[in-house]
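File shown here: run-v6.csv, holding CSV, C-alpha atoms (C1' of nucleotides).
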chain,number,residue,atom,x,y,z
A,250,MET,CA,14.3,10.6,-11.7
A,251,PHE,CA,11.4,12.6,-10.5
A,252,GLU,CA,10.6,13.3,-14.1
A,253,LEU,CA,10.6,9.7,-15.0
A,254,LEU,CA,8.3,8.9,-12.1
A,255,HIS,CA,5.9,11.5,-13.0
A,256,ALA,CA,5.8,10.4,-16.6
A,257,SER,CA,5.3,6.8,-15.5
A,258,LYS,CA,2.4,7.9,-13.3
A,259,GLN,CA,0.8,9.6,-16.2
A,260,ARG,CA,1.2,6.6,-18.4
A,261,PHE,CA,-0.3,4.4,-15.7
A,262,MET,CA,-3.3,6.6,-15.3
A,263,ALA,CA,-3.8,6.8,-19.0
A,264,ILE,CA,-3.8,3.0,-19.4
A,265,ALA,CA,-6.1,2.7,-16.4
A,266,SER,CA,-8.6,5.0,-18.0
A,267,GLU,CA,-8.4,3.1,-21.3
A,268,PHE,CA,-10.1,0.3,-19.3
A,269,GLU,CA,-12.3,2.8,-17.4
A,270,LEU,CA,-10.6,1.7,-14.2
A,271,SER,CA,-9.2,3.8,-11.4
A,272,PRO,CA,-5.6,3.3,-10.4
A,273,PRO,CA,-6.5,1.4,-7.2
A,274,GLN,CA,-8.8,-0.8,-9.1
A,275,VAL,CA,-6.0,-1.6,-11.5
A,276,MET,CA,-3.7,-2.4,-8.6
A,277,ALA,CA,-6.3,-4.6,-7.1
A,278,LEU,CA,-6.9,-6.5,-10.3
A,279,ARG,CA,-3.1,-6.8,-10.7
A,280,GLN,CA,-2.7,-8.3,-7.3
A,281,LEU,CA,-5.4,-10.9,-7.7
A,282,ASP,CA,-4.0,-14.2,-8.8
A,283,PRO,CA,-6.4,-15.8,-11.3
A,284,ASP,CA,-5.8,-19.3,-9.9
A,285,GLU,CA,-5.6,-18.6,-6.2
A,286,PRO,CA,-8.5,-16.8,-4.4
A,287,LYS,CA,-7.2,-14.2,-1.9
A,288,PRO,CA,-8.8,-12.9,1.3
A,289,MET,CA,-9.7,-9.2,1.5
A,290,SER,CA,-7.1,-8.6,4.2
A,291,GLU,CA,-4.3,-10.0,2.1
A,292,LEU,CA,-5.3,-7.7,-0.7
A,293,ALA,CA,-5.3,-4.7,1.7
A,294,ALA,CA,-1.8,-5.6,2.8
A,295,ALA,CA,-0.6,-5.9,-0.7
A,296,LEU,CA,-2.1,-2.5,-1.5
A,297,ARG,CA,-0.8,-1.1,1.8
A,298,CYS,CA,-4.1,0.4,2.8
A,299,ASP,CA,-6.8,-0.1,5.3
A,300,ASN,CA,-9.2,-3.0,5.2
A,301,SER,CA,-12.1,-0.7,5.0
A,302,ASN,CA,-10.7,0.9,1.9
A,303,VAL,CA,-10.6,-2.4,0.1
A,304,THR,CA,-14.3,-3.0,0.8
A,305,GLY,CA,-15.2,0.0,-1.4
A,306,ILE,CA,-12.7,-0.8,-4.1
A,307,VAL,CA,-13.9,-4.4,-4.3
A,308,ASP,CA,-17.6,-3.2,-4.2
A,309,ARG,CA,-17.1,-1.3,-7.4
A,310,LEU,CA,-15.1,-4.1,-9.1
A,311,GLU,CA,-17.9,-6.5,-8.1
A,312,ASP,CA,-20.6,-4.2,-9.5
A,313,ARG,CA,-18.9,-4.4,-12.9
A,314,GLY,CA,-18.7,-8.2,-12.6
A,315,LEU,CA,-15.0,-8.4,-12.6
A,316,VAL,CA,-14.5,-9.9,-9.2
A,317,GLU,CA,-16.5,-12.1,-6.9
A,318,ARG,CA,-16.6,-12.4,-3.1
A,319,ARG,CA,-17.1,-15.9,-1.6
A,320,ALA,CA,-17.0,-16.9,2.0
A,321,ALA,CA,-14.0,-19.1,2.9
A,322,ASP,CA,-14.5,-22.7,3.8
A,323,HIS,CA,-12.2,-22.8,6.8
A,324,ASP,CA,-13.4,-19.5,8.3
A,325,ARG,CA,-16.7,-17.9,7.5
A,326,ARG,CA,-15.4,-14.4,8.5
A,327,VAL,CA,-13.0,-14.1,5.6
A,328,LYS,CA,-14.2,-13.4,2.1
A,329,MET,CA,-12.2,-15.0,-0.7
A,330,LEU,CA,-11.8,-12.9,-3.9
A,331,THR,CA,-11.9,-14.6,-7.2
A,332,ILE,CA,-11.7,-13.1,-10.7
A,333,THR,CA,-14.7,-13.7,-13.0
A,334,GLU,CA,-14.4,-14.6,-16.6
A,335,ARG,CA,-14.9,-11.0,-17.7
A,336,GLY,CA,-12.4,-9.9,-15.0
A,337,LEU,CA,-9.8,-12.4,-16.4
A,338,ASP,CA,-10.2,-11.0,-19.9
A,339,VAL,CA,-9.8,-7.4,-18.7
A,340,ARG,CA,-6.9,-8.4,-16.5
A,341,SER,CA,-5.0,-10.1,-19.2
A,342,ARG,CA,-5.4,-7.2,-21.7
A,343,LEU,CA,-4.5,-4.8,-18.9
A,344,THR,CA,-1.3,-6.5,-17.9
A,345,ALA,CA,-0.3,-6.9,-21.5
A,346,ARG,CA,-0.7,-3.2,-21.9
A,347,LEU,CA,1.2,-2.4,-18.8
A,348,ASP,CA,4.0,-4.7,-19.6
A,349,GLU,CA,4.8,-2.9,-22.8
A,350,PRO,CA,8.0,-1.0,-22.4
A,351,PRO,CA,7.2,2.7,-21.6
A,352,GLU,CA,7.8,5.0,-24.4
A,353,PRO,CA,10.9,6.9,-23.1
A,354,LEU,CA,12.6,3.5,-22.4
A,355,ALA,CA,11.6,1.8,-25.6
A,356,GLY,CA,13.8,4.2,-27.6
A,357,LEU,CA,16.9,3.2,-25.8
A,358,ALA,CA,19.7,1.2,-27.3
A,359,VAL,CA,19.4,-2.5,-26.5
A,360,GLU,CA,22.6,-2.4,-24.5
A,361,ASP,CA,21.2,0.4,-22.4
A,362,GLN,CA,18.1,-1.5,-21.8
A,363,ARG,CA,20.1,-4.5,-20.6
A,364,ALA,CA,22.4,-2.4,-18.4
A,365,LEU,CA,19.3,-0.8,-17.0
A,366,ARG,CA,17.7,-4.1,-16.2
A,367,ASP,CA,20.9,-5.4,-14.5
A,368,ILE,CA,21.2,-2.3,-12.4
A,369,MET,CA,17.6,-2.5,-11.4
A,370,ARG,CA,18.1,-6.1,-10.3
A,371,ARG,CA,21.1,-5.2,-8.2
A,372,ALA,CA,19.2,-2.2,-6.7
A,373,LEU,CA,16.2,-4.4,-5.7
A,374,GLY,CA,18.4,-7.2,-4.5
A,375,ARG,CA,17.7,-9.7,-7.3
B,189,MET,CA,10.1,-1.6,-12.9
B,190,PHE,CA,6.6,-1.7,-11.4
B,191,GLU,CA,8.2,-2.6,-8.1
B,192,LEU,CA,10.5,0.4,-8.2
B,193,LEU,CA,7.7,2.7,-9.0
B,194,HIS,CA,5.6,1.4,-6.2
B,195,ALA,CA,8.5,1.8,-3.8
B,196,SER,CA,9.1,5.3,-4.9
B,197,LYS,CA,5.5,6.2,-4.5
B,198,GLN,CA,5.6,4.9,-0.9
B,199,ARG,CA,8.7,6.9,-0.2
B,200,PHE,CA,7.2,10.0,-1.7
B,201,MET,CA,4.1,9.7,0.5
B,202,ALA,CA,6.2,9.0,3.5
B,203,ILE,CA,8.2,12.2,3.0
B,204,ALA,CA,5.0,14.2,2.3
B,205,SER,CA,3.5,13.1,5.6
B,206,GLU,CA,6.7,14.0,7.4
B,207,PHE,CA,5.7,17.6,6.5
B,208,GLU,CA,2.0,17.0,7.0
B,209,LEU,CA,1.4,17.7,3.4
B,210,SER,CA,-0.6,15.7,0.9
B,211,PRO,CA,1.0,14.5,-2.3
B,212,PRO,CA,-0.6,17.2,-4.5
B,213,GLN,CA,0.4,19.9,-2.0
B,214,VAL,CA,4.0,18.7,-2.3
B,215,MET,CA,3.8,18.8,-6.1
B,216,ALA,CA,2.4,22.3,-6.0
B,217,LEU,CA,5.1,23.5,-3.6
B,218,ARG,CA,7.7,21.9,-5.8
B,219,GLN,CA,6.4,23.6,-8.9
B,220,LEU,CA,6.3,27.0,-7.4
B,221,ASP,CA,9.4,29.0,-8.2
B,222,PRO,CA,10.4,31.1,-5.1
B,223,ASP,CA,11.6,34.0,-7.3
B,224,GLU,CA,8.9,34.0,-10.0
B,225,PRO,CA,5.2,34.2,-9.1
B,226,LYS,CA,3.1,31.9,-11.1
B,227,PRO,CA,-0.6,32.1,-12.1
B,228,MET,CA,-3.0,29.4,-11.0
B,229,SER,CA,-3.6,28.2,-14.5
B,230,GLU,CA,0.1,27.6,-15.1
B,231,LEU,CA,0.3,25.6,-11.9
B,232,ALA,CA,-2.7,23.6,-13.0
B,233,ALA,CA,-1.0,22.9,-16.4
B,234,ALA,CA,2.2,21.8,-14.6
B,235,LEU,CA,0.2,19.5,-12.3
B,236,ARG,CA,-1.9,18.2,-15.3
B,237,CYS,CA,-5.2,18.7,-13.6
B,238,ASP,CA,-8.2,20.9,-13.8
B,239,ASN,CA,-8.1,24.6,-12.8
B,240,SER,CA,-10.8,24.1,-10.3
B,241,ASN,CA,-8.7,21.4,-8.6
B,242,VAL,CA,-5.9,23.8,-8.0
B,243,THR,CA,-8.2,26.2,-6.2
B,244,GLY,CA,-8.8,23.8,-3.4
B,245,ILE,CA,-5.1,22.7,-3.1
B,246,VAL,CA,-4.0,26.3,-3.0
B,247,ASP,CA,-6.7,27.1,-0.5
B,248,ARG,CA,-5.3,24.6,1.9
B,249,LEU,CA,-1.7,25.8,1.4
B,250,GLU,CA,-2.8,29.3,2.0
B,251,ASP,CA,-4.6,28.3,5.1
B,252,ARG,CA,-1.3,27.1,6.5
B,253,GLY,CA,0.4,30.3,5.4
B,254,LEU,CA,2.8,28.6,3.0
B,255,VAL,CA,1.5,30.4,-0.1
B,256,GLU,CA,-0.1,33.7,-1.0
B,257,ARG,CA,-2.5,34.7,-3.7
B,258,ARG,CA,-2.1,38.1,-5.2
B,259,ALA,CA,-4.0,39.7,-8.1
B,260,ALA,CA,-1.7,40.2,-11.1
B,261,ASP,CA,-0.9,43.8,-12.2
B,262,HIS,CA,-1.5,43.4,-15.9
B,263,ASP,CA,-4.8,41.4,-15.5
B,264,ARG,CA,-6.8,41.4,-12.3
B,265,ARG,CA,-8.5,38.1,-13.3
B,266,VAL,CA,-5.3,36.1,-12.8
B,267,LYS,CA,-4.0,35.3,-9.3
B,268,MET,CA,-0.3,35.1,-8.9
B,269,LEU,CA,1.0,32.6,-6.4
B,270,THR,CA,4.0,33.5,-4.3
B,271,ILE,CA,5.6,31.5,-1.5
B,272,THR,CA,5.7,33.0,1.9
B,273,GLU,CA,8.7,32.9,4.2
B,274,ARG,CA,7.3,29.8,6.0
B,275,GLY,CA,6.6,28.2,2.7
B,276,LEU,CA,10.1,28.8,1.5
B,277,ASP,CA,11.5,27.2,4.6
B,278,VAL,CA,9.2,24.1,4.2
B,279,ARG,CA,9.9,24.0,0.5
B,280,SER,CA,13.7,23.9,0.9
B,281,ARG,CA,13.7,21.3,3.6
B,282,LEU,CA,11.2,19.3,1.5
B,283,THR,CA,13.2,19.4,-1.7
B,284,ALA,CA,16.4,18.5,0.2
B,285,ARG,CA,14.6,15.5,1.6
B,286,LEU,CA,13.3,14.4,-1.8
B,287,ASP,CA,16.6,14.9,-3.5
B,288,GLU,CA,18.3,12.4,-1.2
B,289,PRO,CA,19.0,9.3,-3.2
B,290,PRO,CA,16.2,6.7,-2.5
B,291,GLU,CA,17.3,3.8,-0.4
B,292,PRO,CA,17.4,1.0,-3.0
B,293,LEU,CA,19.5,3.2,-5.2
B,294,ALA,CA,21.8,4.5,-2.5
B,295,GLY,CA,23.3,1.0,-2.0
B,296,LEU,CA,24.4,0.7,-5.6
B,297,ALA,CA,28.0,0.9,-6.6
B,298,VAL,CA,29.2,4.3,-7.8
B,299,GLU,CA,29.7,3.1,-11.3
B,300,ASP,CA,26.2,1.7,-11.4
B,301,GLN,CA,24.8,5.0,-10.2
B,302,ARG,CA,26.6,6.8,-12.9
B,303,ALA,CA,25.6,4.4,-15.6
B,304,LEU,CA,22.0,4.8,-14.4
B,305,ARG,CA,22.2,8.5,-14.5
B,306,ASP,CA,23.6,8.4,-18.1
B,307,ILE,CA,20.9,6.0,-19.3
B,308,MET,CA,18.2,8.2,-17.7
B,309,ARG,CA,19.5,11.2,-19.5
B,310,ARG,CA,19.5,9.4,-22.8
B,311,ALA,CA,16.0,8.1,-22.1
B,312,LEU,CA,14.5,11.5,-21.4
B,313,GLY,CA,16.5,13.1,-24.2
B,314,ARG,CA,18.7,14.7,-21.5
C,112,DC,C1',-18.1,54.0,-25.2
C,113,DT,C1',-21.1,50.2,-25.0
C,114,DG,C1',-22.1,45.5,-25.9
C,115,DG,C1',-20.8,40.7,-26.8
C,116,DG,C1',-17.6,37.2,-26.7
C,117,DT,C1',-13.5,35.4,-24.3
C,118,DT,C1',-10.5,34.2,-20.4
C,119,DC,C1',-9.3,33.2,-15.4
C,120,DT,C1',-10.8,31.7,-11.2
C,121,DT,C1',-14.2,30.1,-8.1
C,122,DT,C1',-18.3,27.4,-6.7
C,123,DG,C1',-21.3,23.4,-6.5
C,124,DA,C1',-22.4,18.6,-7.4
C,125,DA,C1',-20.9,14.1,-7.7
C,126,DG,C1',-17.7,10.2,-7.4
C,127,DT,C1',-13.4,7.8,-5.6
C,128,DT,C1',-9.9,7.3,-2.4
C,129,DG,C1',-8.1,7.3,2.1
C,130,DT,C1',-8.1,6.9,7.5
C,131,DC,C1',-10.2,6.0,11.9
C,132,DA,C1',-13.6,4.3,15.2
C,133,DA,C1',-17.2,1.3,16.1
C,134,DC,C1',-19.9,-2.7,15.2
C,135,DG,C1',-21.5,-7.6,14.1
C,136,DA,C1',-20.3,-12.1,13.1
C,137,DT,C1',-17.1,-15.6,13.9
C,138,DT,C1',-13.2,-17.9,15.6
C,139,DT,C1',-9.9,-19.0,19.2
C,140,DA,C1',-8.0,-19.2,23.8
C,141,DT,C1',-8.7,-19.5,28.7
D,259,DA,C1',-18.7,-21.3,28.4
D,260,DT,C1',-17.0,-17.1,28.6
D,261,DA,C1',-13.7,-13.7,27.2
D,262,DA,C1',-10.5,-12.0,23.8
D,263,DA,C1',-9.0,-11.5,19.3
D,264,DT,C1',-9.9,-11.4,14.1
D,265,DC,C1',-12.3,-10.2,9.6
D,266,DG,C1',-15.1,-7.5,7.0
D,267,DT,C1',-18.4,-3.8,6.9
D,268,DT,C1',-20.4,0.7,8.0
D,269,DG,C1',-20.3,5.6,9.1
D,270,DA,C1',-18.0,10.0,9.6
D,271,DC,C1',-14.9,12.9,7.8
D,272,DA,C1',-11.2,15.1,4.8
D,273,DA,C1',-8.9,15.4,0.4
D,274,DC,C1',-8.6,14.9,-4.6
D,275,DT,C1',-10.6,14.8,-9.1
D,276,DT,C1',-13.7,16.2,-13.0
D,277,DC,C1',-17.4,18.7,-15.0
D,278,DA,C1',-20.8,22.4,-15.6
D,279,DA,C1',-22.0,26.8,-14.4
D,280,DA,C1',-21.3,31.3,-12.6
D,281,DG,C1',-18.7,36.0,-11.7
D,282,DA,C1',-15.3,39.1,-12.7
D,283,DA,C1',-12.4,41.2,-15.8
D,284,DC,C1',-10.6,41.8,-20.3
D,285,DC,C1',-10.8,42.7,-25.4
D,286,DC,C1',-12.7,43.8,-29.6
D,287,DA,C1',-15.8,45.4,-32.7
D,288,DG,C1',-19.2,48.9,-34.0
What would you get if you wrote out this structure as structure tokens?
Amino acid sequence: MFELLHASKQRFMAIASEFELSPPQVMALRQLDPDEPKPMSELAAALRCDNSNVTGIVDRLEDRGLVERRAADHDRRVKMLTITERGLDVRSRLTARLDEPPEPLAGLAVEDQRALRDIMRRALGR
Amino acid sequence: MFELLHASKQRFMAIASEFELSPPQVMALRQLDPDEPKPMSELAAALRCDNSNVTGIVDRLEDRGLVERRAADHDRRVKMLTITERGLDVRSRLTARLDEPPEPLAGLAVEDQRALRDIMRRALGR
DNA sequence: CTGGGTTCTTTGAAGTTGTCAACGATTTAT
DNA sequence: ATAAATCGTTGACAACTTCAAAGAACCCAG
């Protein structure tokens, strides 16, 4: 189990660096819904980290033109995050890459893959 | 899958902070064999990070008296890492805690757990 | 045995992540 | 209208990470 987790982490970081993104930046991009702008605090909650941390992460994503801040209509304190066109392109290639079955699992028999999927569903409660 | 990884990471960090250790410190302690001193470079390889990185991590473990550096007999350049008595105590409690089945998996039926174990073995080539 | 190249660890600089406390702007409740 | 709560930012600090460069020790000619 530990082994698998470590391998997955390595894979994740390798894919992240393919796009010259740090792991938290990938997580942020992943969380951002292309159709639905999301406030900073919501992203912080999804990432389970402090609000002030998200400030820096978004700063760097914005510097690369992948994300945009915009003041919300209903409350000028909150900043809504939207993905730019470039961000969308990166995001889609990134998620495609991440959704590929990881190498150790890809070699499994189809029946094993199905069994694994079903067990996972039961474990996570759906 | 992603969900499970994220949950596992949270669990790992929670257990690490129970012992007031950072994740890399836990990884280092885990890698260290209580019976067999290991050189810094070997630890760096196991952790898949730069040698210079290990210096700092071991510094902090040594400050807490969990680990000791000792010059190797055959080559005074290499520093062998040994676990102190306190380190051994922490390490054993830590691994015990980490080896407990994670919550989402503990609730599975015994047959599912076995099937999962078998599939994992096949995936990792045993 | 002496010198040059190699290897192991450390140091320093730089960048990212992470937390906490404090602040400014804004909103909400009294 | 004033006070309290909320959102994002900033600043301080600690840890991790990598890279380049240095120091110490080793090894191998010559």
Residues near segment 130-139 of chain C, anyone? I mean within 8 Å using all atoms listed in the file, not counting same-chain ones fewer than 2 positions away, as a PyMOL selection string. (chain A and resi 299+324-326) or (chain D and resi 263-264+268)
Distance cut-off 12 Å, counting all atoms listed in the file - which residues of chain B neighbour chain D? Return them as a list in words.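 The complete set of qualifying residues is Leu209, Ser210, Pro211, Pro212, Gln213, Arg236, Cys237, Asp238, Asn239, Ser240, Asn241, Val242, Thr243, Gly244, Ile245, Asp247, Arg248, Ala259, Ala260, His262, Asp263, Arg264, Arg265 and Val266 of chain B.
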Chain B in the frame of chain A after Cα least-squares fit, as an mmCIF file with C-alpha atoms, keeping the file's coordinate frame:
data_model
loop_
_atom_site.group_PDB
_atom_site.id
_atom_site.type_symbol
_atom_site.label_atom_id
_atom_site.label_comp_id
_atom_site.auth_asym_id
_atom_site.auth_seq_id
_atom_site.Cartn_x
_atom_site.Cartn_y
_atom_site.Cartn_z
ATOM 1 C CA MET B 189 14.347 10.618 -11.554
ATOM 2 C CA PHE B 190 11.367 12.689 -10.398
ATOM 3 C CA GLU B 191 10.609 13.359 -14.036
ATOM 4 C CA LEU B 192 10.571 9.675 -14.885
ATOM 5 C CA LEU B 193 8.326 8.895 -12.036
ATOM 6 C CA HIS B 194 5.910 11.581 -12.975
ATOM 7 C CA ALA B 195 5.868 10.335 -16.549
ATOM 8 C CA SER B 196 5.235 6.837 -15.462
ATOM 9 C CA LYS B 197 2.422 7.880 -13.241
ATOM 10 C CA GLN B 198 0.782 9.672 -16.200
ATOM 11 C CA ARG B 199 1.182 6.619 -18.349
ATOM 12 C CA PHE B 200 -0.234 4.390 -15.678
ATOM 13 C CA MET B 201 -3.335 6.582 -15.335
ATOM 14 C CA ALA B 202 -3.702 6.780 -19.040
ATOM 15 C CA ILE B 203 -3.754 2.987 -19.361
ATOM 16 C CA ALA B 204 -6.154 2.676 -16.382
ATOM 17 C CA SER B 205 -8.638 5.006 -18.041
ATOM 18 C CA GLU B 206 -8.357 3.066 -21.274
ATOM 19 C CA PHE B 207 -10.110 0.292 -19.273
ATOM 20 C CA GLU B 208 -12.318 2.683 -17.348
ATOM 21 C CA LEU B 209 -10.681 1.642 -14.178
ATOM 22 C CA SER B 210 -9.269 3.801 -11.422
ATOM 23 C CA PRO B 211 -5.675 3.406 -10.342
ATOM 24 C CA PRO B 212 -6.503 1.424 -7.167
ATOM 25 C CA GLN B 213 -8.842 -0.852 -9.139
ATOM 26 C CA VAL B 214 -5.949 -1.618 -11.490
ATOM 27 C CA MET B 215 -3.656 -2.380 -8.549
ATOM 28 C CA ALA B 216 -6.242 -4.673 -7.042
ATOM 29 C CA LEU B 217 -6.790 -6.506 -10.332
ATOM 30 C CA ARG B 218 -3.061 -6.837 -10.714
ATOM 31 C CA GLN B 219 -2.644 -8.293 -7.265
ATOM 32 C CA LEU B 220 -5.323 -10.841 -7.651
ATOM 33 C CA ASP B 221 -3.953 -14.199 -8.698
ATOM 34 C CA PRO B 222 -6.390 -15.841 -11.225
ATOM 35 C CA ASP B 223 -5.667 -19.339 -9.834
ATOM 36 C CA GLU B 224 -5.508 -18.591 -6.093
ATOM 37 C CA PRO B 225 -8.364 -16.801 -4.309
ATOM 38 C CA LYS B 226 -7.188 -14.236 -1.913
ATOM 39 C CA PRO B 227 -8.814 -12.833 1.268
ATOM 40 C CA MET B 228 -9.627 -9.153 1.505
ATOM 41 C CA SER B 229 -7.133 -8.552 4.238
ATOM 42 C CA GLU B 230 -4.278 -9.940 2.156
ATOM 43 C CA LEU B 231 -5.261 -7.679 -0.708
ATOM 44 C CA ALA B 232 -5.343 -4.755 1.670
ATOM 45 C CA ALA B 233 -1.803 -5.665 2.928
ATOM 46 C CA ALA B 234 -0.552 -5.898 -0.688
ATOM 47 C CA LEU B 235 -2.101 -2.508 -1.516
ATOM 48 C CA ARG B 236 -0.764 -0.999 1.806
ATOM 49 C CA CYS B 237 -4.047 0.505 2.800
ATOM 50 C CA ASP B 238 -6.749 0.028 5.320
ATOM 51 C CA ASN B 239 -9.133 -2.974 5.228
ATOM 52 C CA SER B 240 -12.096 -0.742 5.052
ATOM 53 C CA ASN B 241 -10.651 0.898 1.920
ATOM 54 C CA VAL B 242 -10.557 -2.372 0.116
ATOM 55 C CA THR B 243 -14.239 -2.950 0.749
ATOM 56 C CA GLY B 244 -15.239 -0.045 -1.377
ATOM 57 C CA ILE B 245 -12.724 -0.822 -4.216
ATOM 58 C CA VAL B 246 -13.888 -4.402 -4.316
ATOM 59 C CA ASP B 247 -17.482 -3.280 -4.243
ATOM 60 C CA ARG B 248 -16.998 -1.331 -7.396
ATOM 61 C CA LEU B 249 -15.140 -4.186 -9.142
ATOM 62 C CA GLU B 250 -17.873 -6.522 -8.197
ATOM 63 C CA ASP B 251 -20.453 -4.174 -9.495
ATOM 64 C CA ARG B 252 -18.836 -4.451 -12.901
ATOM 65 C CA GLY B 253 -18.677 -8.221 -12.587
ATOM 66 C CA LEU B 254 -14.888 -8.411 -12.710
ATOM 67 C CA VAL B 255 -14.519 -9.953 -9.242
ATOM 68 C CA GLU B 256 -16.479 -12.183 -6.908
ATOM 69 C CA ARG B 257 -16.629 -12.432 -3.171
ATOM 70 C CA ARG B 258 -17.073 -15.830 -1.679
ATOM 71 C CA ALA B 259 -17.090 -16.871 1.995
ATOM 72 C CA ALA B 260 -14.038 -19.013 2.798
ATOM 73 C CA ASP B 261 -14.603 -22.692 3.775
ATOM 74 C CA HIS B 262 -12.367 -22.814 6.808
ATOM 75 C CA ASP B 263 -13.597 -19.441 8.279
ATOM 76 C CA ARG B 264 -16.843 -17.830 7.228
ATOM 77 C CA ARG B 265 -15.595 -14.402 8.438
ATOM 78 C CA VAL B 266 -13.066 -14.131 5.606
ATOM 79 C CA LYS B 267 -14.178 -13.361 2.035
ATOM 80 C CA MET B 268 -12.164 -14.887 -0.705
ATOM 81 C CA LEU B 269 -11.804 -12.870 -3.866
ATOM 82 C CA THR B 270 -11.836 -14.652 -7.189
ATOM 83 C CA ILE B 271 -11.736 -13.145 -10.671
ATOM 84 C CA THR B 272 -14.605 -13.782 -12.947
ATOM 85 C CA GLU B 273 -14.281 -14.670 -16.608
ATOM 86 C CA ARG B 274 -14.765 -10.987 -17.613
ATOM 87 C CA GLY B 275 -12.265 -9.956 -15.039
ATOM 88 C CA LEU B 276 -9.721 -12.393 -16.320
ATOM 89 C CA ASP B 277 -10.127 -11.071 -19.815
ATOM 90 C CA VAL B 278 -9.717 -7.402 -18.617
ATOM 91 C CA ARG B 279 -6.862 -8.405 -16.373
ATOM 92 C CA SER B 280 -4.838 -10.064 -19.159
ATOM 93 C CA ARG B 281 -5.324 -7.297 -21.640
ATOM 94 C CA LEU B 282 -4.465 -4.816 -18.853
ATOM 95 C CA THR B 283 -1.266 -6.513 -17.784
ATOM 96 C CA ALA B 284 -0.177 -6.896 -21.434
ATOM 97 C CA ARG B 285 -0.686 -3.187 -21.866
ATOM 98 C CA LEU B 286 1.283 -2.315 -18.732
ATOM 99 C CA ASP B 287 4.082 -4.672 -19.534
ATOM 100 C CA GLU B 288 4.806 -2.888 -22.809
ATOM 101 C CA PRO B 289 8.016 -0.986 -22.388
ATOM 102 C CA PRO B 290 7.178 2.720 -21.578
ATOM 103 C CA GLU B 291 7.873 5.092 -24.391
ATOM 104 C CA PRO B 292 10.973 6.905 -23.082
ATOM 105 C CA LEU B 293 12.564 3.572 -22.411
ATOM 106 C CA ALA B 294 11.539 1.907 -25.643
ATOM 107 C CA GLY B 295 13.796 4.274 -27.656
ATOM 108 C CA LEU B 296 16.917 3.270 -25.783
ATOM 109 C CA ALA B 297 19.585 1.167 -27.353
ATOM 110 C CA VAL B 298 19.417 -2.554 -26.601
ATOM 111 C CA GLU B 299 22.558 -2.482 -24.584
ATOM 112 C CA ASP B 300 21.244 0.374 -22.501
ATOM 113 C CA GLN B 301 18.043 -1.526 -21.841
ATOM 114 C CA ARG B 302 19.975 -4.475 -20.684
ATOM 115 C CA ALA B 303 22.299 -2.495 -18.508
ATOM 116 C CA LEU B 304 19.211 -0.863 -16.971
ATOM 117 C CA ARG B 305 17.598 -4.137 -16.320
ATOM 118 C CA ASP B 306 20.799 -5.456 -14.604
ATOM 119 C CA ILE B 307 21.153 -2.355 -12.425
ATOM 120 C CA MET B 308 17.462 -2.610 -11.423
ATOM 121 C CA ARG B 309 17.936 -6.160 -10.372
ATOM 122 C CA ARG B 310 20.944 -5.294 -8.291
ATOM 123 C CA ALA B 311 19.064 -2.362 -6.777
ATOM 124 C CA LEU B 312 16.079 -4.400 -5.665
ATOM 125 C CA GLY B 313 18.291 -7.295 -4.603
ATOM 126 C CA ARG B 314 17.061 -9.168 -7.712
#
Calculated over all atoms listed in the file, which of the candidates B:Ala234, B:Leu249, B:Arg257, B:Pro225 has the smallest distance to chain C?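 For chain C, the nearest of the given residues is B:Arg257.
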Select, from A:Val359, A:Val275, A:Leu281, A:Ile368, the residue with the minimum atom-to-atom distance to chain B, counting all atoms listed in the file.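 When distances to chain B are compared using all atoms listed in the file, the smallest one comes from A:Ile368.
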Expressed in Å, the length from atom CA of Ala263 of chain A to atom C1' of DT127 of chain C is 16.5 Å
Could you work out which residues of chain C fall inside 9 Å of chain B? Count only C-alpha atoms (C1' of nucleotides), and format the result as a list of chain:residue names. C:DT118, C:DC119, C:DT120, C:DT121, C:DT122
Would you give me, as JSON lines, each residue of chain B having an atom within 6 Å of an atom of chain A, along with its shortest atom pair and that distance in Å to one decimal, using all atoms listed in the file and sorting by chain and residue number?
{"residue": "B:Pro292", "atom": "CA", "partner": "A:Ala372", "partner_atom": "CA", "distance": 5.2}
{"residue": "B:Leu293", "atom": "CA", "partner": "A:Ala372", "partner_atom": "CA", "distance": 5.6}
{"residue": "B:Ala311", "atom": "CA", "partner": "A:Pro353", "partner_atom": "CA", "distance": 5.3}
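Between atom CA of Arg314 of chain B and atom CA of Arg285 of chain B the interatomic distance comes to 23.5 Å.
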Because some atoms of segment 304-309 of chain B are absent here, can you restore N, CA and C atoms and send them as a PDB file, in the frame of the given file?
ATOM      1  N   LEU B 304      23.431   4.521 -14.464  1.00  0.00           N
ATOM      2  CA  LEU B 304      22.000   4.800 -14.400  1.00  0.00           C
ATOM      3  C   LEU B 304      21.660   6.195 -14.772  1.00  0.00           C
ATOM      4  N   ARG B 305      22.418   7.110 -14.202  1.00  0.00           N
ATOM      5  CA  ARG B 305      22.200   8.500 -14.500  1.00  0.00           C
ATOM      6  C   ARG B 305      22.307   8.778 -16.018  1.00  0.00           C
ATOM      7  N   ASP B 306      23.353   8.202 -16.631  1.00  0.00           N
ATOM      8  CA  ASP B 306      23.600   8.400 -18.100  1.00  0.00           C
ATOM      9  C   ASP B 306      22.433   7.831 -18.887  1.00  0.00           C
ATOM     10  N   ILE B 307      21.989   6.642 -18.500  1.00  0.00           N
ATOM     11  CA  ILE B 307      20.900   6.000 -19.300  1.00  0.00           C
ATOM     12  C   ILE B 307      19.632   6.833 -19.129  1.00  0.00           C
ATOM     13  N   MET B 308      19.373   7.317 -17.915  1.00  0.00           N
ATOM     14  CA  MET B 308      18.200   8.200 -17.700  1.00  0.00           C
ATOM     15  C   MET B 308      18.226   9.385 -18.589  1.00  0.00           C
ATOM     16  N   ARG B 309      19.379   9.983 -18.655  1.00  0.00           N
ATOM     17  CA  ARG B 309      19.500  11.200 -19.500  1.00  0.00           C
ATOM     18  C   ARG B 309      19.193  10.865 -20.936  1.00  0.00           C
TER      19      ARG B 309
END
